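Beneath this line is the structure, given in structure tokens, with notes to follow.
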Amino acid sequence: MRSRWVLFVPLAIMGLLFGAFVYRLVTPNDTLIRSQWIDKPMPLFDLPPATAGIEGLKSSQLADGRPRLVNVFASWCIPCRAEAPQLEALKAAGVPIDGIAIRDRPEDVAAFLRENGNPFDRIGADMQSSVQIALGSSGVPETFLIDGKGIIREQIQGVILAENVPEIVARLEAMK
Amino acid sequence: MSARLLWLLAVLFAFPAMAQDRLPPAPYAYQQLADPAQEAQAKALMETLRCLVCQGQSIADSDAPLAGDMRHEVRSKIAAGESPDAIRTWLIARYGNWVSYDPPFDAATALLWLGPLLFLALGGWLAFGRFRRGTDEEGGEA
């Protein structure tokens, strides 16, 4: 009488498959590629200024004892505009912020800062995304939390929201 | 409400590496290396590295600016004498195994590599059972 329940095996397999498909439809795959370069020292770089009047960015400047943010952005990146007020709020809270401008032109960066404000102490021009790749960053905007010794502690992918600001301030404070 | 709107914006535009930046492609994005042997090495490597933007494509196939910059990175490193394996390792240290189309053999991929062998063994076992039953029945009739 084994054959009786064996008849239901294909139905059970179909049911499992159906369940798996429904699950993936309801909870889409996470397509974020997170950087594995975390808890590691900032890769060595020396980027020229991204626009006139603002210093460029060297990796050696990121280990001055003050925890800080490095914001990977671009003037052509629309969500970076949405993020600007949050960066201003972080700056107002006393957080040092440096920028890395990806594939950008000096005049475009200048216009971006004119329109959205400038929260950056320094902005390096990463014309061929080489520092972005060395950071394991896969898009803009992304923000890296750097401790006072120049070690990357955390990566934030996508736009920093207003409700994230206090938490970021607290995390940097904890690194002091 | 504004937070929700921002989330929507973030989801829609979070990784717009295909948004229009206005810089020309990096020198080695679309230009081959002068040395054919080095170019062949670079090409073979680029075909097994995954584009971070167009996630189903290799960086050799993708026209995303970040893929172009990765090709520039790969060709520059090959031209500087680095081995393809070293470059792959360098990228995996940054993006994880995800970036490579040549998955290593480890706990996470064991089933992937051994799966075909398992199925072959299962098929062999089933076939063996079938054949034996067949001969048994023939034997019974005889």
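Residue numbers start at 1 in each chain; chains themselves are named A, B, ... in the order of the structure tokens; ligands are numbered from 1 in the order shown.
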Members of chain B assigned strand (DSSP E or B) by DSSP, as a PDB file with C-alpha atoms, in the first residue's frame:
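Contents of the output file states.pdb:
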ATOM      1  CA  LEU B  49      33.691  39.566 -13.118  1.00  0.00           C
ATOM      2  CA  ARG B  50      30.188  40.676 -12.373  1.00  0.00           C
ATOM      3  CA  SER B  58      29.820  40.648 -16.722  1.00  0.00           C
ATOM      4  CA  SER B 100      33.164  36.769  -9.262  1.00  0.00           C
TER       5      SER B 100
END
Contact residues around A:Asp108 with only C-alpha atoms at 10 Å, ignoring same-chain residues under 6 positions, as a JSON list (two decimals) with C-alpha atoms, in the first residue's frame:
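As a result, out_16.json now contains:
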[["chain", "number", "residue", "atom", "x", "y", "z"],
["A", 50, "ALA", "CA", 36.76, 68.22, -7.12],
["A", 51, "THR", "CA", 36.08, 71.93, -7.57],
["A", 74, "ALA", "CA", 27.94, 62.90, -7.47],
["A", 75, "SER", "CA", 26.34, 66.04, -8.85],
["A", 76, "TRP", "CA", 24.49, 63.90, -11.41],
["A", 114, "ARG", "CA", 25.52, 76.15, -4.74],
["B", 21, "ASP", "CA", 27.42, 61.59, -15.67],
["B", 22, "ARG", "CA", 29.07, 63.81, -18.21]]
*Find the residues near A:Leu145: any atom within 9 Å, counting only C-alpha atoms, skip ones fewer than 3 places away on the same chain, and give them as a PyMOL selection string.*
chain A and resi 67-71+151-156+168+171-172
_Nearby residues (only C-alpha atoms) at most 12 Å from A:Gly94, same-chain spacing under 3 positions excluded, as a list in words_ =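 Answer for this query is Arg66, Pro67, Arg68, Leu69, Leu87, Glu88, Ala89, Leu90, Lys91, Ile97, Pro119, Phe120, Asp121, Val165, Pro166, Ile168, Val169, Ala170, Leu172 and Glu173 of chain A.
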*Could you name the residues that touch A:Thr31 at 10 Å or less, counting only C-alpha atoms, but leaving out those on the same chain fewer than 5 positions away, as a PyMOL selection string?*
chain B and resi 52-53+55
Could you take the residues named above and write them with N, CA and C atoms, as a PDB file, in the first residue's frame?
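Written out: again_0.pdb:
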ATOM      1  N   LEU B  52      28.362  45.524 -11.056  1.00  0.00           N
ATOM      2  CA  LEU B  52      27.630  45.851  -9.825  1.00  0.00           C
ATOM      3  C   LEU B  52      26.322  46.559 -10.125  1.00  0.00           C
ATOM      4  N   VAL B  53      26.210  47.096 -11.340  1.00  0.00           N
ATOM      5  CA  VAL B  53      25.023  47.883 -11.680  1.00  0.00           C
ATOM      6  C   VAL B  53      24.023  47.000 -12.431  1.00  0.00           C
ATOM      7  N   GLN B  55      23.284  43.700 -12.791  1.00  0.00           N
ATOM      8  CA  GLN B  55      23.820  42.613 -11.991  1.00  0.00           C
ATOM      9  C   GLN B  55      23.850  41.256 -12.684  1.00  0.00           C
TER      10      GLN B  55
END
*So which residues touch B:Met70 within 9 Å, counting only C-alpha atoms, skipping near sequence neighbours fewer than 5 positions away, as number ranges by chain?*
A: 128-130, 133; B: 29, 46, 51, 59, 65, 75
*Residues of chain A within 10 Å of chain B, only C-alpha atoms counted, as an NGL selection string*: :A and (31-38 or 74-80 or 82-83 or 102-105 or 108 or 127-130 or 132-142 or 157-163)
*So how many Å separate atom CA of B:Glu82 and atom CA of B:Tyr101, to one decimal?*
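Taking atom CA of B:Glu82 and atom CA of B:Tyr101, their separation equals 19.5 Å.
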